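Shown next: upload-v9.cif, containing mmCIF, C-alpha atoms, pLDDT in the B column; chains and numbers go by the auth columns.
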data_entry
#
loop_
_atom_site.group_PDB
_atom_site.id
_atom_site.type_symbol
_atom_site.label_atom_id
_atom_site.label_comp_id
_atom_site.label_asym_id
_atom_site.label_seq_id
_atom_site.Cartn_x
_atom_site.Cartn_y
_atom_site.Cartn_z
_atom_site.B_iso_or_equiv
_atom_site.auth_seq_id
_atom_site.auth_asym_id
ATOM 1 C CA MET A 1 -22.835 -35.993 8.573 40.00 2 A
ATOM 2 C CA ASN A 2 -24.109 -32.440 8.058 41.00 3 A
ATOM 3 C CA CYS A 3 -21.091 -30.579 6.548 42.00 4 A
ATOM 4 C CA GLN A 4 -21.118 -27.118 5.108 45.00 5 A
ATOM 5 C CA PRO A 5 -19.903 -26.873 1.454 42.00 6 A
ATOM 6 C CA ILE A 6 -16.320 -25.942 2.431 43.00 7 A
ATOM 7 C CA GLY A 7 -16.272 -28.686 5.017 45.00 8 A
ATOM 8 C CA ARG A 8 -17.405 -31.257 2.445 48.00 9 A
ATOM 9 C CA VAL A 9 -14.623 -30.167 0.100 43.00 10 A
ATOM 10 C CA LEU A 10 -12.032 -30.534 2.870 45.00 11 A
ATOM 11 C CA VAL A 11 -13.311 -33.967 3.844 45.00 12 A
ATOM 12 C CA LEU A 12 -13.123 -35.062 0.198 47.00 13 A
ATOM 13 C CA LEU A 13 -9.577 -33.735 -0.214 43.00 14 A
ATOM 14 C CA VAL A 14 -8.413 -35.534 2.909 44.00 15 A
ATOM 15 C CA ALA A 15 -10.155 -38.748 1.891 53.00 16 A
ATOM 16 C CA LEU A 16 -8.448 -38.669 -1.494 51.00 17 A
ATOM 17 C CA GLY A 17 -5.089 -37.892 0.043 52.00 18 A
ATOM 18 C CA LEU A 18 -4.852 -34.575 -1.788 50.00 19 A
ATOM 19 C CA PRO A 19 -3.154 -31.454 -0.369 50.00 20 A
ATOM 20 C CA VAL A 20 -5.423 -29.003 1.395 48.00 21 A
ATOM 21 C CA PRO A 21 -4.861 -25.360 0.328 50.00 22 A
ATOM 22 C CA ALA A 22 -3.588 -23.239 3.200 45.00 23 A
ATOM 23 C CA PHE A 23 -6.372 -20.668 2.941 45.00 24 A
ATOM 24 C CA ALA A 24 -9.068 -23.359 2.773 45.00 25 A
ATOM 25 C CA ALA A 25 -7.657 -24.967 5.913 48.00 26 A
ATOM 26 C CA GLY A 26 -8.263 -21.726 7.802 54.00 27 A
ATOM 27 C CA VAL A 27 -4.600 -20.743 8.112 49.00 28 A
ATOM 28 C CA PRO A 28 -4.539 -16.934 8.527 73.00 29 A
ATOM 29 C CA MET A 29 -3.061 -14.916 5.704 95.00 30 A
ATOM 30 C CA THR A 30 -1.313 -11.836 7.035 97.00 31 A
ATOM 31 C CA LEU A 31 -1.822 -8.430 5.465 98.00 32 A
ATOM 32 C CA GLY A 32 1.082 -6.075 6.059 98.00 33 A
ATOM 33 C CA TYR A 33 0.382 -2.360 6.148 97.00 34 A
ATOM 34 C CA ALA A 34 2.117 0.890 7.032 94.00 35 A
ATOM 35 C CA GLU A 35 0.634 3.913 8.762 92.00 36 A
ATOM 36 C CA PHE A 36 -0.821 5.652 5.729 92.00 37 A
ATOM 37 C CA PRO A 37 -4.057 7.385 6.751 92.00 38 A
ATOM 38 C CA PRO A 38 -6.765 7.538 5.533 94.00 39 A
ATOM 39 C CA PHE A 39 -6.001 4.367 3.554 95.00 40 A
ATOM 40 C CA THR A 40 -4.368 2.193 6.232 96.00 41 A
ATOM 41 C CA TYR A 41 -3.642 3.086 9.847 95.00 42 A
ATOM 42 C CA THR A 42 -3.910 1.906 13.450 96.00 43 A
ATOM 43 C CA ASP A 43 -6.450 3.587 15.712 96.00 44 A
ATOM 44 C CA SER A 44 -6.054 4.559 19.377 95.00 45 A
ATOM 45 C CA GLU A 45 -7.208 1.092 20.430 95.00 46 A
ATOM 46 C CA GLY A 46 -4.575 -0.636 18.315 94.00 47 A
ATOM 47 C CA LYS A 47 -7.040 -1.785 15.652 96.00 48 A
ATOM 48 C CA PRO A 48 -6.400 -1.526 11.895 97.00 49 A
ATOM 49 C CA GLN A 49 -8.550 1.073 10.173 97.00 50 A
ATOM 50 C CA GLY A 50 -8.792 2.872 6.840 97.00 51 A
ATOM 51 C CA SER A 51 -10.550 2.680 3.502 96.00 52 A
ATOM 52 C CA LEU A 52 -8.234 -0.001 2.079 97.00 53 A
ATOM 53 C CA ILE A 53 -8.411 -2.034 5.291 97.00 54 A
ATOM 54 C CA GLU A 54 -12.226 -2.042 5.135 97.00 55 A
ATOM 55 C CA MET A 55 -12.133 -3.030 1.487 97.00 56 A
ATOM 56 C CA VAL A 56 -9.704 -5.931 1.868 97.00 57 A
ATOM 57 C CA GLU A 57 -11.568 -7.260 4.916 96.00 58 A
ATOM 58 C CA ALA A 58 -14.775 -7.374 2.866 96.00 59 A
ATOM 59 C CA VAL A 59 -12.988 -9.026 -0.063 96.00 60 A
ATOM 60 C CA ALA A 60 -11.256 -11.603 2.151 96.00 61 A
ATOM 61 C CA ALA A 61 -14.522 -12.487 3.886 94.00 62 A
ATOM 62 C CA ASP A 62 -16.215 -12.995 0.525 94.00 63 A
ATOM 63 C CA ALA A 63 -13.284 -15.124 -0.664 94.00 64 A
ATOM 64 C CA GLY A 64 -13.385 -17.324 2.437 93.00 65 A
ATOM 65 C CA ILE A 65 -9.920 -16.224 3.558 95.00 66 A
ATOM 66 C CA ASP A 66 -9.016 -15.874 7.230 94.00 67 A
ATOM 67 C CA LEU A 67 -7.216 -12.536 7.120 96.00 68 A
ATOM 68 C CA GLY A 68 -4.862 -11.289 9.806 96.00 69 A
ATOM 69 C CA THR A 69 -3.293 -7.826 9.804 97.00 70 A
ATOM 70 C CA ARG A 70 0.047 -6.496 10.985 97.00 71 A
ATOM 71 C CA ALA A 71 1.239 -2.891 11.094 97.00 72 A
ATOM 72 C CA VAL A 72 4.942 -2.627 10.241 96.00 73 A
ATOM 73 C CA PRO A 73 7.375 0.249 9.667 93.00 74 A
ATOM 74 C CA PRO A 74 7.500 1.318 6.005 90.00 75 A
ATOM 75 C CA THR A 75 11.121 0.197 5.754 90.00 76 A
ATOM 76 C CA SER A 76 10.121 -3.348 6.767 94.00 77 A
ATOM 77 C CA LEU A 77 7.012 -3.677 4.628 96.00 78 A
ATOM 78 C CA TYR A 78 8.450 -4.510 1.213 96.00 79 A
ATOM 79 C CA PRO A 79 11.155 -6.864 2.555 97.00 80 A
ATOM 80 C CA GLY A 80 8.515 -8.590 4.697 98.00 81 A
ATOM 81 C CA ILE A 81 6.372 -9.338 1.647 98.00 82 A
ATOM 82 C CA ALA A 82 9.389 -10.441 -0.367 98.00 83 A
ATOM 83 C CA ASP A 83 10.670 -12.895 2.244 98.00 84 A
ATOM 84 C CA GLY A 84 7.246 -14.279 3.168 97.00 85 A
ATOM 85 C CA THR A 85 7.073 -12.827 6.681 97.00 86 A
ATOM 86 C CA LEU A 86 3.923 -11.125 5.380 98.00 87 A
ATOM 87 C CA ASP A 87 1.559 -12.582 2.804 98.00 88 A
ATOM 88 C CA LEU A 88 -0.397 -9.706 1.342 98.00 89 A
ATOM 89 C CA PHE A 89 0.152 -6.057 0.483 98.00 90 A
ATOM 90 C CA MET A 90 -2.106 -3.456 -1.144 97.00 91 A
ATOM 91 C CA GLY A 91 -0.266 -0.874 -3.180 95.00 92 A
ATOM 92 C CA VAL A 92 2.412 -0.404 -5.817 93.00 93 A
ATOM 93 C CA THR A 93 3.951 -3.338 -7.657 94.00 94 A
ATOM 94 C CA THR A 94 7.226 -1.634 -8.609 90.00 95 A
ATOM 95 C CA PRO A 95 9.538 -1.841 -5.541 92.00 96 A
ATOM 96 C CA PRO A 96 12.814 -3.632 -6.348 91.00 97 A
ATOM 97 C CA GLU A 97 12.144 -6.043 -3.466 95.00 98 A
ATOM 98 C CA PHE A 98 9.018 -7.288 -5.274 96.00 99 A
ATOM 99 C CA GLN A 99 10.709 -8.240 -8.513 96.00 100 A
ATOM 100 C CA GLY A 100 10.669 -12.043 -8.787 97.00 101 A
ATOM 101 C CA THR A 101 9.356 -12.476 -5.249 98.00 102 A
ATOM 102 C CA THR A 102 5.675 -11.549 -5.573 98.00 103 A
ATOM 103 C CA LEU A 103 2.543 -12.011 -7.640 98.00 104 A
ATOM 104 C CA ALA A 104 0.425 -8.944 -8.427 98.00 105 A
ATOM 105 C CA GLY A 105 -3.246 -8.818 -9.336 98.00 106 A
ATOM 106 C CA GLU A 106 -4.530 -7.062 -12.434 97.00 107 A
ATOM 107 C CA SER A 107 -7.351 -5.202 -10.672 97.00 108 A
ATOM 108 C CA VAL A 108 -6.693 -1.589 -9.736 97.00 109 A
ATOM 109 C CA ILE A 109 -8.096 -1.525 -6.207 97.00 110 A
ATOM 110 C CA ALA A 110 -7.359 2.177 -5.609 96.00 111 A
ATOM 111 C CA ARG A 111 -5.806 5.175 -7.319 95.00 112 A
ATOM 112 C CA ILE A 112 -3.688 7.383 -5.094 95.00 113 A
ATOM 113 C CA GLU A 113 -2.637 10.865 -6.188 95.00 114 A
ATOM 114 C CA LEU A 114 0.914 12.079 -5.557 94.00 115 A
ATOM 115 C CA ASP A 115 1.769 15.794 -5.369 95.00 116 A
ATOM 116 C CA VAL A 116 4.853 17.929 -4.900 94.00 117 A
ATOM 117 C CA TYR A 117 4.496 20.825 -2.435 95.00 118 A
ATOM 118 C CA ALA A 118 6.439 24.039 -1.987 93.00 119 A
ATOM 119 C CA MET A 119 6.120 27.308 -0.089 92.00 120 A
ATOM 120 C CA ASP A 120 5.536 30.646 -1.819 86.00 121 A
ATOM 121 C CA GLU A 121 5.996 29.547 -5.432 83.00 122 A
ATOM 122 C CA THR A 122 4.112 26.836 -7.315 79.00 123 A
ATOM 123 C CA PRO A 123 6.621 24.022 -7.881 80.00 124 A
ATOM 124 C CA VAL A 124 7.347 23.465 -11.550 81.00 125 A
ATOM 125 C CA VAL A 125 7.740 19.695 -11.416 89.00 126 A
ATOM 126 C CA THR A 126 6.190 17.526 -14.108 85.00 127 A
ATOM 127 C CA ARG A 127 8.816 14.799 -14.403 89.00 128 A
ATOM 128 C CA MET A 128 11.528 13.206 -12.294 91.00 129 A
ATOM 129 C CA GLU A 129 14.282 15.200 -13.999 93.00 130 A
ATOM 130 C CA ASP A 130 12.815 18.421 -12.586 94.00 131 A
ATOM 131 C CA LEU A 131 14.055 17.312 -9.141 94.00 132 A
ATOM 132 C CA VAL A 132 17.723 17.071 -10.136 95.00 133 A
ATOM 133 C CA GLY A 133 19.894 18.998 -7.698 95.00 134 A
ATOM 134 C CA ARG A 134 17.008 19.793 -5.319 95.00 135 A
ATOM 135 C CA THR A 135 16.439 18.986 -1.647 96.00 136 A
ATOM 136 C CA VAL A 136 13.271 16.924 -1.250 97.00 137 A
ATOM 137 C CA ILE A 137 11.336 15.865 1.852 97.00 138 A
ATOM 138 C CA VAL A 138 10.163 12.240 1.595 96.00 139 A
ATOM 139 C CA HIS A 139 8.663 9.517 3.767 92.00 140 A
ATOM 140 C CA ALA A 140 11.161 6.961 5.032 88.00 141 A
ATOM 141 C CA GLY A 141 10.488 3.676 3.239 83.00 142 A
ATOM 142 C CA TYR A 142 8.128 5.004 0.553 88.00 143 A
ATOM 143 C CA SER A 143 8.989 4.040 -3.033 87.00 144 A
ATOM 144 C CA TYR A 144 6.666 6.584 -4.689 88.00 145 A
ATOM 145 C CA ALA A 145 6.019 4.113 -7.521 82.00 146 A
ATOM 146 C CA GLY A 146 9.541 4.367 -8.913 83.00 147 A
ATOM 147 C CA TRP A 147 10.368 7.978 -8.057 90.00 148 A
ATOM 148 C CA ARG A 148 12.431 6.935 -5.024 90.00 149 A
ATOM 149 C CA SER A 149 15.006 5.072 -7.128 90.00 150 A
ATOM 150 C CA PHE A 150 15.573 8.216 -9.190 94.00 151 A
ATOM 151 C CA LEU A 151 15.858 10.357 -6.073 95.00 152 A
ATOM 152 C CA GLU A 152 18.431 8.030 -4.497 95.00 153 A
ATOM 153 C CA ASN A 153 20.634 7.828 -7.590 96.00 154 A
ATOM 154 C CA PRO A 154 23.782 9.857 -6.734 97.00 155 A
ATOM 155 C CA ALA A 155 24.027 11.001 -10.348 97.00 156 A
ATOM 156 C CA ASN A 156 20.862 13.083 -9.875 97.00 157 A
ATOM 157 C CA ARG A 157 22.294 15.057 -6.912 97.00 158 A
ATOM 158 C CA VAL A 158 19.046 14.997 -4.942 97.00 159 A
ATOM 159 C CA THR A 159 19.343 15.563 -1.199 97.00 160 A
ATOM 160 C CA LEU A 160 16.663 13.687 0.752 97.00 161 A
ATOM 161 C CA VAL A 161 15.172 14.706 4.095 97.00 162 A
ATOM 162 C CA ALA A 162 13.330 11.708 5.575 95.00 163 A
ATOM 163 C CA VAL A 163 10.227 12.054 7.772 95.00 164 A
ATOM 164 C CA ASP A 164 7.728 9.532 9.135 91.00 165 A
ATOM 165 C CA SER A 165 4.401 11.316 8.616 91.00 166 A
ATOM 166 C CA ALA A 166 2.668 13.907 6.476 93.00 167 A
ATOM 167 C CA GLU A 167 2.479 16.182 9.506 94.00 168 A
ATOM 168 C CA ARG A 168 6.246 16.100 10.008 95.00 169 A
ATOM 169 C CA GLY A 169 6.811 16.565 6.315 95.00 170 A
ATOM 170 C CA LEU A 170 4.667 19.687 6.392 94.00 171 A
ATOM 171 C CA SER A 171 6.500 20.958 9.469 94.00 172 A
ATOM 172 C CA ALA A 172 9.864 20.400 7.769 95.00 173 A
ATOM 173 C CA LEU A 173 8.669 22.314 4.732 95.00 174 A
ATOM 174 C CA ARG A 174 7.506 25.242 6.865 92.00 175 A
ATOM 175 C CA ASN A 175 10.876 25.356 8.638 93.00 176 A
ATOM 176 C CA ARG A 176 12.843 25.127 5.390 92.00 177 A
ATOM 177 C CA PRO A 177 10.691 26.805 2.722 90.00 178 A
ATOM 178 C CA THR A 178 13.280 26.376 -0.053 91.00 179 A
ATOM 179 C CA LEU A 179 12.721 22.606 0.010 94.00 180 A
ATOM 180 C CA LEU A 180 10.182 20.518 -1.881 96.00 181 A
ATOM 181 C CA LEU A 181 7.872 17.933 -0.298 96.00 182 A
ATOM 182 C CA LEU A 182 6.597 14.750 -1.954 96.00 183 A
ATOM 183 C CA GLU A 183 3.286 13.725 -0.410 95.00 184 A
ATOM 184 C CA TYR A 184 0.085 11.921 -1.346 94.00 185 A
ATOM 185 C CA THR A 185 -3.029 14.089 -1.640 95.00 186 A
ATOM 186 C CA LEU A 186 -5.332 12.606 1.002 93.00 187 A
ATOM 187 C CA PRO A 187 -2.690 12.198 3.746 93.00 188 A
ATOM 188 C CA MET A 188 -1.746 15.841 3.185 94.00 189 A
ATOM 189 C CA LYS A 189 -5.383 16.942 3.491 93.00 190 A
ATOM 190 C CA LEU A 190 -5.557 15.144 6.838 92.00 191 A
ATOM 191 C CA ALA A 191 -2.320 16.764 7.982 91.00 192 A
ATOM 192 C CA LEU A 192 -3.616 20.206 7.037 93.00 193 A
ATOM 193 C CA ALA A 193 -6.978 19.605 8.794 88.00 194 A
ATOM 194 C CA GLY A 194 -8.555 22.407 6.790 84.00 195 A
ATOM 195 C CA ARG A 195 -5.867 24.919 7.796 88.00 196 A
ATOM 196 C CA ILE A 196 -4.157 25.556 4.466 86.00 197 A
ATOM 197 C CA PRO A 197 -1.308 28.094 4.610 88.00 198 A
ATOM 198 C CA PRO A 198 -1.883 30.753 1.937 89.00 199 A
ATOM 199 C CA ASN A 199 1.677 30.329 0.665 91.00 200 A
ATOM 200 C CA LEU A 200 1.508 26.528 0.314 93.00 201 A
ATOM 201 C CA LYS A 201 1.463 25.542 -3.355 92.00 202 A
ATOM 202 C CA SER A 202 1.190 22.119 -4.974 92.00 203 A
ATOM 203 C CA THR A 203 1.428 20.400 -8.321 92.00 204 A
ATOM 204 C CA PRO A 204 0.069 16.904 -9.103 93.00 205 A
ATOM 205 C CA ILE A 205 2.824 14.759 -10.550 92.00 206 A
ATOM 206 C CA SER A 206 1.557 11.181 -10.603 91.00 207 A
ATOM 207 C CA VAL A 207 -1.351 8.833 -9.970 93.00 208 A
ATOM 208 C CA VAL A 208 -0.306 5.601 -8.288 91.00 209 A
ATOM 209 C CA ASP A 209 -2.346 2.472 -8.994 95.00 210 A
ATOM 210 C CA ALA A 210 -2.722 0.102 -6.044 96.00 211 A
ATOM 211 C CA HIS A 211 -3.023 -3.663 -6.563 98.00 212 A
ATOM 212 C CA PHE A 212 -3.173 -6.811 -4.477 98.00 213 A
ATOM 213 C CA VAL A 213 0.395 -8.116 -4.100 98.00 214 A
ATOM 214 C CA VAL A 214 0.982 -11.617 -2.694 98.00 215 A
ATOM 215 C CA SER A 215 4.309 -13.066 -1.601 98.00 216 A
ATOM 216 C CA LYS A 216 5.440 -16.067 -3.610 98.00 217 A
ATOM 217 C CA LYS A 217 6.468 -17.607 -0.280 98.00 218 A
ATOM 218 C CA THR A 218 2.786 -17.814 0.708 97.00 219 A
ATOM 219 C CA PRO A 219 1.409 -21.337 0.243 95.00 220 A
ATOM 220 C CA ASP A 220 -0.878 -21.481 -2.815 94.00 221 A
ATOM 221 C CA ALA A 221 -0.048 -17.851 -3.587 96.00 222 A
ATOM 222 C CA ALA A 222 -1.510 -17.887 -7.092 96.00 223 A
ATOM 223 C CA ALA A 223 -4.767 -19.472 -5.912 95.00 224 A
ATOM 224 C CA LEU A 224 -5.034 -16.970 -3.056 96.00 225 A
ATOM 225 C CA LEU A 225 -4.526 -14.045 -5.390 97.00 226 A
ATOM 226 C CA ALA A 226 -7.098 -15.422 -7.831 96.00 227 A
ATOM 227 C CA ARG A 227 -9.669 -15.706 -5.057 95.00 228 A
ATOM 228 C CA LEU A 228 -9.035 -12.129 -3.966 97.00 229 A
ATOM 229 C CA GLU A 229 -9.313 -10.870 -7.528 97.00 230 A
ATOM 230 C CA ARG A 230 -12.577 -12.716 -8.177 97.00 231 A
ATOM 231 C CA SER A 231 -14.144 -11.500 -4.953 97.00 232 A
ATOM 232 C CA PHE A 232 -13.004 -7.935 -5.556 98.00 233 A
ATOM 233 C CA GLN A 233 -14.526 -7.908 -9.036 97.00 234 A
ATOM 234 C CA ARG A 234 -17.741 -9.529 -7.810 97.00 235 A
ATOM 235 C CA LEU A 235 -18.207 -7.107 -4.920 97.00 236 A
ATOM 236 C CA ARG A 236 -17.310 -4.086 -7.023 96.00 237 A
ATOM 237 C CA SER A 237 -19.788 -5.097 -9.729 96.00 238 A
ATOM 238 C CA ALA A 238 -22.468 -5.499 -7.062 95.00 239 A
ATOM 239 C CA GLY A 239 -21.642 -2.119 -5.528 94.00 240 A
ATOM 240 C CA SER A 240 -20.938 -3.832 -2.204 93.00 241 A
ATOM 241 C CA LEU A 241 -17.449 -2.571 -1.412 91.00 242 A
ATOM 242 C CA PRO A 242 -17.003 -0.055 1.452 78.00 243 A
#
Would you write the structure of this file as structure tokens?
Amino acid sequence: MNCQPIGRVLVLLVALGLPVPAFAAGVPMTLGYAEFPPFTYTDSEGKPQGSLIEMVEAVAADAGIDLGTRAVPPTSLYPGIADGTLDLFMGVTTPPEFQGTTLAGESVIARIELDVYAMDETPVVTRMEDLVGRTVIVHAGYSYAGWRSFLENPANRVTLVAVDSAERGLSALRNRPTLLLLEYTLPMKLALAGRIPPNLKSTPISVVDAHFVVSKKTPDAAALLARLERSFQRLRSAGSLP
């Protein structure tokens, strides 16, 4: 019988009556992502695209994992990972929904810069407390690596204006120039498309580290995460990642 290496391992496991890991058996692991260009987004043909999508597809292929993808609204993403509807996420590890429900890798797979924007005057914001009593435009469902919990605390008297894209956030800021806008650097550059209003000012406030996050409800979650981590490190060392 001419079996490939993985096939021989599966035959041996079955023969010995041992459990077959879900990923080794070819069961798809589902990556959940939100529309967050240029990192993760869905193109006009309904296909997942973006720098993080390309990276995780390369890593999963190297790890021998059959990866599926599913675009979900931001408000459904964290709960979907927590309850096992989705298996894998790439991003922050701090959402309350993730505490006790997920496993996070140690590798920093991307660093994403977060800025605060204002019209006319450069926003003096260097810490969360600088937003007390302000009106802030935010993405619905984004946690901002812990900033969202502070913003939603009634004691801080922050009024939130929710939008669903960087473009709409920018539009809201133009219409209400006394507000502040929280937005990530690259999505804002795409929204501006090179047309930067002379009175738009920004201040960097945080760098968000992105990690692999796997739901504990995923069969063999720890083994799956370890395979992803090993493949990521191997491909990065070889200079083979997109």
Starting from the PyMOL selection byres ((chain A and resi 52-64) around 8), expand the selection into actual residues of this file and give them as a VMD selection string. chain A and resid 39 to 41 49 to 51 65 to 68 91 228 to 229 231 to 233 236 242 to 243
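Applied to the file shown here, the PyMOL selection byres ((chain A and resi 86) around 9) selects the residues Thr31, Pro80, Gly81, Ile82, Ala83, Asp84, Gly85, Leu87, Asp88, Ser216, Lys218 and Thr219 of chain A.
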Between CA of Leu181 (chain A) and CA of Leu152 (chain A), what is the distance in Å, rounded to a tenth?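 Going from CA of Leu181 (chain A) over to CA of Leu152 (chain A), I get 12.4 Å.
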Just the number, please: distance in Å from CA of Tyr79 (chain A) to CA of Ser144 (chain A), one decimal. 9.6 Å
List every protein, DNA or RNA residue with an atom no more than 7 Å from (-3.3, 11.0, -0.3) in the file's coordinates, counting all atoms listed in the file, and format the result as a PyMOL selection string. chain A and resi 113-115+185-189
Save the residues we just selected, C-alpha atoms, as an mmCIF file, in the coordinates of the input?
data_model
loop_
_atom_site.group_PDB
_atom_site.id
_atom_site.type_symbol
_atom_site.label_atom_id
_atom_site.label_comp_id
_atom_site.auth_asym_id
_atom_site.auth_seq_id
_atom_site.Cartn_x
_atom_site.Cartn_y
_atom_site.Cartn_z
ATOM 1 C CA ILE A 113 -3.688 7.383 -5.094
ATOM 2 C CA GLU A 114 -2.637 10.865 -6.188
ATOM 3 C CA LEU A 115 0.914 12.079 -5.557
ATOM 4 C CA TYR A 185 0.085 11.921 -1.346
ATOM 5 C CA THR A 186 -3.029 14.089 -1.640
ATOM 6 C CA LEU A 187 -5.332 12.606 1.002
ATOM 7 C CA PRO A 188 -2.690 12.198 3.746
ATOM 8 C CA MET A 189 -1.746 15.841 3.185
#
Residues within 12 Å of Asn154 (chain A), please, as a VMD selection string. Count all atoms listed in the file; anything in the same chain fewer than 3 positions from it doesn't count. chain A and resid 129 to 130 132 to 134 147 to 151 157 to 161
Counting only C-alpha atoms, which residues come within 9 Å of (-4.4, -8.7, -9.8), with the point read in the file's coordinates, and could you list them as number ranges by chain? A: 104-110, 212-214, 226-227, 229-230
Quick one: apply the PyMOL selection byres ((chain A and resi 201) around 9) to the file and drop the selected residues here as a list of chain:residue names.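 Matching residues under the PyMOL selection byres ((chain A and resi 201) around 9) are A:Tyr118, A:Ala119, A:Met120, A:Asp121, A:Glu122, A:Thr123, A:Arg175, A:Ile197, A:Pro198, A:Pro199, A:Asn200, A:Lys202, A:Ser203.
Nearest residue to Pro205 (chain A) among A:Leu225, A:Val126, A:Ala163, A:Leu32 is A:Val126, counting only C-alpha atoms.
For the atom pair formed by CA of Ala146 (chain A) and CA of Gly92 (chain A), the distance is 9.1 Å, given to one decimal.
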Which neighbours of Ser166 (chain A) fall inside 9 Å, counting only C-alpha atoms, when residues of the same chain fewer than 5 positions from it are skipped, and could you give them as number ranges by chain? A: 36-37, 140-141, 171, 188, 192
